[in-house]
file coords-v6.txt (compact mmCIF, C-alpha atoms and all ligand atoms)
# COMPACT_ATOMS: atom_id res chain seq x y z
CA MET D 1 -8.16 78.87 68.49
CA ILE D 2 -4.91 80.76 68.32
CA SER D 3 -1.96 79.55 70.30
CA ASN D 4 0.03 82.48 71.65
CA GLU D 5 3.32 80.68 71.88
CA GLU D 6 3.09 79.00 68.53
CA ARG D 7 1.24 81.74 66.58
CA ILE D 8 -0.93 79.21 64.78
CA LEU D 9 -4.65 79.65 64.13
CA LYS D 10 -6.56 76.58 62.96
CA ILE D 11 -10.29 76.91 62.21
CA HIS D 12 -12.73 74.30 60.91
CA GLY D 13 -15.74 75.31 58.83
CA VAL D 14 -18.96 73.28 58.74
CA LEU D 15 -19.22 72.84 54.94
CA PRO D 16 -17.15 70.35 52.93
CA ALA D 17 -14.00 71.98 51.51
CA PRO D 18 -10.26 71.22 51.45
CA SER D 19 -7.83 71.78 54.29
CA VAL D 20 -5.55 74.70 53.46
CA THR D 21 -2.46 75.89 55.33
CA ILE D 22 -1.02 79.36 54.71
CA ILE D 23 2.41 80.08 56.16
CA GLY D 24 4.15 83.47 56.40
CA GLY D 25 7.43 84.23 58.14
CA THR D 26 9.18 80.90 57.63
CA HIS D 27 12.02 83.40 57.22
CA GLY D 28 11.41 85.97 59.95
CA ASN D 29 12.38 89.10 57.99
CA GLU D 30 10.03 88.45 55.04
CA ARG D 31 7.27 90.84 56.04
CA THR D 32 4.76 90.34 53.22
CA GLY D 33 3.74 86.81 54.22
CA ILE D 34 3.84 87.73 57.91
CA GLU D 35 1.47 90.68 57.44
CA VAL D 36 -0.93 88.65 55.27
CA VAL D 37 -1.11 85.80 57.81
CA ARG D 38 -1.44 88.25 60.74
CA LYS D 39 -4.24 90.15 59.04
CA LEU D 40 -6.22 86.97 58.37
CA GLN D 41 -5.58 85.69 61.91
CA ASP D 42 -6.87 89.00 63.31
CA GLU D 43 -9.93 89.08 61.04
CA ILE D 44 -10.92 85.52 61.95
CA SER D 45 -10.17 85.89 65.66
CA SER D 46 -12.29 89.05 65.84
CA GLY D 47 -15.18 87.45 63.94
CA LYS D 48 -14.82 89.87 61.02
CA ARG D 49 -14.19 86.94 58.68
CA VAL D 50 -15.77 83.47 58.96
CA VAL D 51 -14.34 80.13 57.86
CA ALA D 52 -17.36 78.59 56.14
CA GLY D 53 -15.93 75.25 55.04
CA GLY D 54 -12.94 72.93 55.21
CA THR D 55 -10.06 73.80 57.50
CA LEU D 56 -7.90 76.90 57.38
CA THR D 57 -4.58 76.88 59.24
CA LEU D 58 -2.73 80.20 59.42
CA ILE D 59 0.84 79.89 60.64
CA LEU D 60 3.53 82.42 61.50
CA GLY D 61 6.41 80.17 60.47
CA ASN D 62 9.28 81.13 62.76
CA PRO D 63 7.92 83.35 65.59
CA LEU D 64 11.32 83.89 67.29
CA ALA D 65 12.92 85.04 64.02
CA ILE D 66 9.86 87.22 63.27
CA GLU D 67 10.19 88.88 66.67
CA LYS D 68 13.84 89.70 65.92
CA ASN D 69 13.11 90.58 62.28
CA VAL D 70 15.86 88.21 61.10
CA ARG D 71 15.83 85.50 58.43
CA ALA D 72 16.71 82.72 60.88
CA ILE D 73 17.82 82.05 64.43
CA ASP D 74 21.53 81.11 64.64
CA GLY D 75 21.79 81.20 60.83
CA ARG D 76 19.80 77.96 60.48
CA ASP D 77 17.35 77.90 57.58
CA LEU D 78 13.93 76.59 58.64
CA ASN D 79 13.00 76.02 55.00
CA ARG D 80 15.73 73.36 54.59
CA TYR D 81 14.50 71.11 57.42
CA PHE D 82 11.80 69.26 55.49
CA SER D 83 13.72 66.24 54.25
CA ALA D 84 13.15 62.88 55.96
CA THR D 85 16.72 63.05 57.32
CA MET D 86 16.47 66.57 58.75
CA LEU D 87 13.03 66.00 60.32
CA ALA D 88 14.39 62.91 62.09
CA ALA D 89 17.69 64.29 63.39
CA ASP D 90 17.28 66.56 66.42
CA ASP D 91 20.11 69.11 66.24
CA GLY D 92 18.80 70.89 69.31
CA SER D 93 17.87 74.00 67.33
CA GLU D 94 14.71 76.09 67.57
CA GLU D 95 14.30 75.57 63.82
CA PHE D 96 14.24 71.77 64.25
CA ARG D 97 11.54 72.05 66.93
CA ARG D 98 9.52 74.44 64.77
CA ALA D 99 9.91 72.26 61.65
CA GLY D 100 8.33 69.37 63.56
CA ILE D 101 5.33 71.51 64.48
CA LEU D 102 4.94 72.80 60.91
CA ALA D 103 5.30 69.27 59.53
CA SER D 104 2.41 68.04 61.72
CA HIS D 105 0.12 70.68 60.17
CA ILE D 106 1.37 69.98 56.64
CA ARG D 107 0.55 66.28 57.10
CA THR D 108 -3.11 67.11 57.81
CA SER D 109 -3.47 69.63 54.95
CA ASP D 110 -4.51 69.17 51.34
CA ILE D 111 -2.88 72.39 50.14
CA VAL D 112 0.08 74.27 51.63
CA ILE D 113 1.06 77.78 50.53
CA ASP D 114 4.33 79.09 51.99
CA ILE D 115 4.81 82.83 51.39
CA HIS D 116 8.37 84.15 51.00
CA ALA D 117 10.37 87.10 49.65
CA THR D 118 13.79 87.15 47.96
CA ASN D 119 17.01 88.63 49.39
CA LYS D 120 17.76 90.32 46.07
CA PRO D 121 15.19 91.89 43.73
CA SER D 122 13.00 89.55 41.70
CA VAL D 123 9.74 89.50 39.84
CA PRO D 124 7.04 87.71 41.88
CA PHE D 125 7.15 83.98 41.13
CA VAL D 126 6.08 80.64 42.50
CA ALA D 127 8.31 77.62 43.07
CA SER D 128 5.91 74.83 42.23
CA LYS D 129 5.22 71.77 40.17
CA ASN D 130 3.56 72.68 36.89
CA ASP D 131 0.70 70.18 36.83
CA GLU D 132 -3.01 70.92 36.73
CA ALA D 133 -3.51 70.59 40.50
CA HIS D 134 -0.77 73.14 41.19
CA ARG D 135 -1.82 75.43 38.34
CA ASN D 136 -5.31 75.56 39.87
CA VAL D 137 -3.74 77.04 43.00
CA PHE D 138 -1.00 79.30 41.65
CA ARG D 139 -3.21 80.88 38.98
CA TRP D 140 -4.83 82.88 41.81
CA PHE D 141 -1.44 84.42 42.68
CA HIS D 142 -0.69 85.76 39.18
CA PRO D 143 3.03 84.86 39.23
CA GLN D 144 5.07 86.32 36.35
CA CYS D 145 7.19 83.18 36.44
CA VAL D 146 6.89 79.62 37.69
CA LEU D 147 10.09 77.88 38.80
CA THR D 148 10.01 74.08 38.61
CA ASP D 149 12.69 71.78 39.99
CA PRO D 150 11.80 68.20 39.01
CA HIS D 151 15.29 66.89 39.90
CA TYR D 152 15.44 68.61 43.32
CA ILE D 153 18.60 70.50 42.39
CA PHE D 154 17.60 73.16 44.93
CA GLY D 155 17.78 70.66 47.79
CA GLY D 156 20.87 68.85 46.54
CA GLY D 157 18.85 65.89 45.21
CA VAL D 158 16.09 65.55 47.80
CA PRO D 159 12.98 67.54 48.82
CA VAL D 160 13.95 69.98 51.61
CA THR D 161 11.46 72.84 51.57
CA ILE D 162 7.94 73.10 52.99
CA ASP D 163 6.30 72.98 49.55
CA GLU D 164 8.45 70.03 48.47
CA TYR D 165 7.60 68.19 51.71
CA ALA D 166 3.87 68.72 51.08
CA ASP D 167 4.28 67.40 47.53
CA SER D 168 6.25 64.38 48.76
CA LEU D 169 3.21 63.45 50.89
CA GLY D 170 0.91 63.62 47.87
CA LYS D 171 -0.48 67.05 48.77
CA ILE D 172 -0.24 70.28 46.82
CA GLY D 173 2.61 72.48 48.00
CA LEU D 174 3.81 75.77 46.64
CA CYS D 175 6.21 78.48 47.62
CA PHE D 176 5.16 81.99 46.62
CA GLU D 177 8.09 84.41 46.31
CA THR D 178 6.41 87.79 46.40
CA GLY D 179 9.43 89.83 45.26
CA TRP D 180 12.27 91.60 47.06
CA VAL D 181 12.22 91.34 50.85
CA GLY D 182 12.42 95.14 51.28
CA ASP D 183 9.38 95.75 49.10
CA GLU D 184 6.16 95.58 51.10
CA THR D 185 3.92 97.00 48.39
CA MET D 186 2.73 93.50 47.48
CA ILE D 187 0.95 92.93 50.82
CA PRO D 188 -2.54 94.00 49.63
CA ALA D 189 -2.28 92.00 46.38
CA VAL D 190 -1.05 88.85 48.16
CA TYR D 191 -3.77 89.19 50.81
CA ASP D 192 -6.34 89.58 48.04
CA SER D 193 -5.02 86.50 46.20
CA VAL D 194 -5.18 84.37 49.35
CA VAL D 195 -8.74 85.50 50.09
CA ARG D 196 -9.91 84.94 46.52
CA TYR D 197 -8.29 81.51 46.33
CA CYS D 198 -9.75 80.43 49.69
CA THR D 199 -13.14 81.70 48.58
CA SER D 200 -12.92 79.79 45.28
CA ILE D 201 -12.53 76.46 47.12
CA GLY D 202 -15.19 77.11 49.78
CA ILE D 203 -13.05 78.05 52.79
CA PHE D 204 -14.70 81.47 52.88
CA ALA D 205 -18.32 82.07 51.95
CA PRO D 206 -18.90 81.62 48.20
CA ALA D 207 -18.73 84.48 45.75
CA GLU D 208 -18.86 84.50 41.96
CA ASP D 209 -15.25 84.73 40.85
CA ALA D 210 -13.96 83.15 37.65
CA ALA D 211 -10.60 81.40 37.88
CA PRO D 212 -7.87 83.67 36.48
CA THR D 213 -6.07 82.65 33.30
CA ILE D 214 -2.36 81.79 33.59
CA ASP D 215 0.18 83.87 31.69
CA SER D 216 3.25 82.87 33.71
CA VAL D 217 6.54 81.88 32.06
CA ILE D 218 7.62 78.43 33.24
CA TYR D 219 11.26 77.77 34.18
CA GLU D 220 13.11 74.68 35.39
CA ILE D 221 16.21 74.71 37.63
CA THR D 222 19.07 73.12 35.67
CA ALA D 223 22.09 73.66 37.91
CA ALA D 224 23.33 74.89 41.25
CA VAL D 225 26.50 76.98 41.28
CA LEU D 226 28.34 75.77 44.39
CA ARG D 227 30.90 77.75 46.38
CA ASN D 228 34.30 76.13 46.72
CA ASP D 229 36.97 76.88 49.34
CA LEU D 230 37.78 80.26 47.83
CA PRO D 231 35.67 83.36 48.40
CA PHE D 232 33.06 83.92 45.67
CA VAL D 233 32.12 87.24 44.11
CA PHE D 234 29.58 87.81 41.34
CA ALA D 235 30.92 89.34 38.12
CA GLU D 236 30.20 93.03 37.54
CA GLY D 237 26.45 93.49 36.98
CA ARG D 238 25.73 89.80 37.74
CA GLY D 239 23.78 88.27 40.60
CA LEU D 240 21.80 91.44 41.22
CA ARG D 241 18.38 89.80 40.92
CA SER D 242 16.54 86.56 40.23
CA PHE D 243 15.57 85.92 36.57
CA GLU D 244 18.60 87.86 35.31
CA LYS D 245 19.42 86.46 31.84
CA ILE D 246 22.75 84.67 31.39
CA SER D 247 24.33 82.69 28.54
CA ALA D 248 26.32 79.47 28.83
CA THR D 249 29.67 81.08 28.03
CA GLU D 250 29.21 84.06 30.32
CA VAL D 251 31.09 84.48 33.58
CA VAL D 252 28.72 84.41 36.56
CA GLY D 253 31.41 85.28 39.06
CA TYR D 254 34.81 84.36 40.43
CA HIS D 255 36.15 81.92 42.97
CA GLY D 256 39.24 83.87 43.94
CA ASN D 257 40.58 84.75 40.47
CA ASP D 258 38.99 81.73 38.73
CA PRO D 259 36.03 82.56 36.50
CA VAL D 260 32.83 80.53 36.98
CA TYR D 261 30.72 80.03 33.84
CA ALA D 262 26.94 79.59 33.68
CA GLU D 263 27.42 76.50 31.44
CA SER D 264 23.85 76.67 30.14
CA ASP D 265 21.70 79.46 28.75
CA GLY D 266 19.05 80.66 31.12
CA VAL D 267 18.50 82.90 34.10
CA ILE D 268 20.14 83.28 37.50
CA ILE D 269 17.92 82.33 40.46
CA PHE D 270 18.37 83.20 44.14
CA PRO D 271 21.78 84.91 43.93
CA LYS D 272 23.01 84.77 47.53
CA LEU D 273 24.10 87.73 49.58
CA PRO D 274 27.77 87.35 50.70
CA GLU D 275 26.69 86.48 54.28
CA HIS D 276 24.58 83.58 52.94
CA GLN D 277 27.40 82.05 50.86
CA HIS D 278 28.89 78.95 52.46
CA VAL D 279 31.53 76.48 51.24
CA GLY D 280 29.91 73.59 49.35
CA LYS D 281 26.53 75.37 49.21
CA PRO D 282 24.94 77.17 46.24
CA VAL D 283 25.78 80.82 45.57
CA CYS D 284 22.99 80.82 42.99
CA TYR D 285 21.07 78.52 40.65
CA VAL D 286 20.60 78.55 36.89
CA ALA D 287 17.17 77.87 35.37
CA LYS D 288 16.00 77.58 31.76
CA LYS D 289 12.73 78.63 30.21
CA ILE D 290 10.60 75.61 29.30
CA THR D 291 7.58 77.39 27.81
ZN ZN D 301 12.09 83.01 52.46

call {"tool": "encode", "arguments": {"input": "coords-v6.txt", "output": "structure tokens", "more": "lines below"}}
Ligand SMILES: [Zn+2]
result
Amino acid sequence: MISNEERILKIHGVLPAPSVTIIGGTHGNERTGIEVVRKLQDEISSGKRVVAGGTLTLILGNPLAIEKNVRAIDGRDLNRYFSATMLAADDGSEEFRRAGILASHIRTSDIVIDIHATNKPSVPFVASKNDEAHRNVFRWFHPQCVLTDPHYIFGGGVPVTIDEYADSLGKIGLCFETGWVGDETMIPAVYDSVVRYCTSIGIFAPAEDAAPTIDSVIYEITAAVLRNDLPFVFAEGRGLRSFEKISATEVVGYHGNDPVYAESDGVIIFPKLPEHQHVGKPVCYVAKKIT
């Protein structure tokens, strides 16, 4: 049944199949995941679509932020609460409370797919491990790129995101970045991918559908570019999008008047908007191609 307050629909099928959780709106302004989850919640609630096997949990990640169409309440990032430390330390925020609820569903899932969008333009990509179990999930989403982070550089050395939390529990977690937050043209394709994937593992009634081949380019995060005490600005033509190519000797941007170099060849990932740049936190990441 769907809980009005929590915006979570959990349905059990009668046939054996995995337990899958799909989350949209962990960041409340990322409409693609929200619309995909809402559509599936509506279809199942109205009886138009039936969960045949396993368990399907459809979650609107941060309902208060979704209502306000903002990334987060009070500037707190729900998708950084999934470390052991953060989940244990009540900071009194709505995000902490919500992270606890999401964590309880992640713990009872086999597969967790968290749907996001980027603040600056990007090709669609998944942040995921690149092993067979994960490939068998992300192949259905046709990502142009796959971003791996084996050393948890993104989280400052520890798992912090929903997908990383799922992986840390021995489950399969992945974060699907569907492209730029202002681009809602991906909604039908993402919906279709979710339905086809769920069908392939027996959540929805079976249909003949061969597993797609993977032609994604695989990247690994190699560094985080951290803001210091001075204001940071990207260099001219830099930090406009994720997967923008950069060479080691190139200037990424400036702290005050001091140039900041990429220090390794690769691509820029998640360049932050000025309002998301905080002292000691990343202004962007650098990743290298590994295939
Ligand atoms: Zn997001």

call {"tool": "residues_around", "arguments": {"input": "coords-v6.txt", "residues": "D:Asp192", "least_positions_apart": "6", "cutoff": "12 Å", "atoms": "only C-alpha atoms", "output": "PDB file with C-alpha atoms, in the frame of the given file"}}
result
ATOM      1  CA  VAL D  36      -0.930  88.650  55.270  1.00  0.00           C
ATOM      2  CA  VAL D  37      -1.110  85.800  57.810  1.00  0.00           C
ATOM      3  CA  LYS D  39      -4.240  90.150  59.040  1.00  0.00           C
ATOM      4  CA  LEU D  40      -6.220  86.970  58.370  1.00  0.00           C
ATOM      5  CA  TRP D 140      -4.830  82.880  41.810  1.00  0.00           C
ATOM      6  CA  PHE D 141      -1.440  84.420  42.680  1.00  0.00           C
ATOM      7  CA  HIS D 142      -0.690  85.760  39.180  1.00  0.00           C
ATOM      8  CA  MET D 186       2.730  93.500  47.480  1.00  0.00           C
ATOM      9  CA  CYS D 198      -9.750  80.430  49.690  1.00  0.00           C
ATOM     10  CA  THR D 199     -13.140  81.700  48.580  1.00  0.00           C
TER      11      THR D 199
END

call {"tool": "residues_around", "arguments": {"input": "coords-v6.txt", "residues": "stretch 207-222 of chain D", "least_positions_apart": "2", "cutoff": "9 Å", "atoms": "all atoms listed in the file", "output": "PDB file with C-alpha atoms, in the frame of the given file"}}
result
ATOM      1  CA  PHE D 125       7.150  83.980  41.130  1.00  0.00           C
ATOM      2  CA  ASN D 130       3.560  72.680  36.890  1.00  0.00           C
ATOM      3  CA  ARG D 135      -1.820  75.430  38.340  1.00  0.00           C
ATOM      4  CA  ASN D 136      -5.310  75.560  39.870  1.00  0.00           C
ATOM      5  CA  PHE D 138      -1.000  79.300  41.650  1.00  0.00           C
ATOM      6  CA  ARG D 139      -3.210  80.880  38.980  1.00  0.00           C
ATOM      7  CA  TRP D 140      -4.830  82.880  41.810  1.00  0.00           C
ATOM      8  CA  PHE D 141      -1.440  84.420  42.680  1.00  0.00           C
ATOM      9  CA  HIS D 142      -0.690  85.760  39.180  1.00  0.00           C
ATOM     10  CA  PRO D 143       3.030  84.860  39.230  1.00  0.00           C
ATOM     11  CA  GLN D 144       5.070  86.320  36.350  1.00  0.00           C
ATOM     12  CA  CYS D 145       7.190  83.180  36.440  1.00  0.00           C
ATOM     13  CA  VAL D 146       6.890  79.620  37.690  1.00  0.00           C
ATOM     14  CA  LEU D 147      10.090  77.880  38.800  1.00  0.00           C
ATOM     15  CA  THR D 148      10.010  74.080  38.610  1.00  0.00           C
ATOM     16  CA  ASP D 149      12.690  71.780  39.990  1.00  0.00           C
ATOM     17  CA  PRO D 150      11.800  68.200  39.010  1.00  0.00           C
ATOM     18  CA  HIS D 151      15.290  66.890  39.900  1.00  0.00           C
ATOM     19  CA  TYR D 152      15.440  68.610  43.320  1.00  0.00           C
ATOM     20  CA  ILE D 153      18.600  70.500  42.390  1.00  0.00           C
ATOM     21  CA  PHE D 154      17.600  73.160  44.930  1.00  0.00           C
ATOM     22  CA  ARG D 196      -9.910  84.940  46.520  1.00  0.00           C
ATOM     23  CA  TYR D 197      -8.290  81.510  46.330  1.00  0.00           C
ATOM     24  CA  THR D 199     -13.140  81.700  48.580  1.00  0.00           C
ATOM     25  CA  SER D 200     -12.920  79.790  45.280  1.00  0.00           C
ATOM     26  CA  PHE D 204     -14.700  81.470  52.880  1.00  0.00           C
ATOM     27  CA  ALA D 205     -18.320  82.070  51.950  1.00  0.00           C
ATOM     28  CA  ALA D 224      23.330  74.890  41.250  1.00  0.00           C
ATOM     29  CA  SER D 264      23.850  76.670  30.140  1.00  0.00           C
ATOM     30  CA  GLY D 266      19.050  80.660  31.120  1.00  0.00           C
ATOM     31  CA  VAL D 267      18.500  82.900  34.100  1.00  0.00           C
ATOM     32  CA  ILE D 269      17.920  82.330  40.460  1.00  0.00           C
ATOM     33  CA  TYR D 285      21.070  78.520  40.650  1.00  0.00           C
ATOM     34  CA  VAL D 286      20.600  78.550  36.890  1.00  0.00           C
ATOM     35  CA  ALA D 287      17.170  77.870  35.370  1.00  0.00           C
ATOM     36  CA  LYS D 288      16.000  77.580  31.760  1.00  0.00           C
ATOM     37  CA  LYS D 289      12.730  78.630  30.210  1.00  0.00           C
ATOM     38  CA  ILE D 290      10.600  75.610  29.300  1.00  0.00           C
ATOM     39  CA  THR D 291       7.580  77.390  27.810  1.00  0.00           C
TER      40      THR D 291
END

call {"tool": "residues_around", "arguments": {"input": "coords-v6.txt", "residues": "D:Tyr261", "least_positions_apart": "4", "cutoff": "7 Å", "atoms": "all atoms listed in the file", "output": "PyMOL selection string"}}
result
chain D and resi 248-252

call {"tool": "closest_atom_pairs", "arguments": {"input": "coords-v6.txt", "of": "chain D", "to": "ligand ZN 301 (chain D)", "cutoff": "7 Å", "atoms": "only C-alpha atoms and all ligand atoms", "output": "JSON lines"}}
result
{"residue": "D:Thr26", "atom": "CA", "partner": "D:ZN301", "partner_atom": "ZN", "distance": 6.3}
{"residue": "D:His27", "atom": "CA", "partner": "D:ZN301", "partner_atom": "ZN", "distance": 4.8}
{"residue": "D:Glu30", "atom": "CA", "partner": "D:ZN301", "partner_atom": "ZN", "distance": 6.4}
{"residue": "D:His116", "atom": "CA", "partner": "D:ZN301", "partner_atom": "ZN", "distance": 4.2}
{"residue": "D:Ala117", "atom": "CA", "partner": "D:ZN301", "partner_atom": "ZN", "distance": 5.3}
{"residue": "D:Thr118", "atom": "CA", "partner": "D:ZN301", "partner_atom": "ZN", "distance": 6.3}

call {"tool": "closest_residue", "arguments": {"input": "coords-v6.txt", "among": "D:Arg80, D:Ser193, D:Ile115, D:Gly47", "to": "D:Gly155", "atoms": "all atoms listed in the file"}}
result
D:Arg80
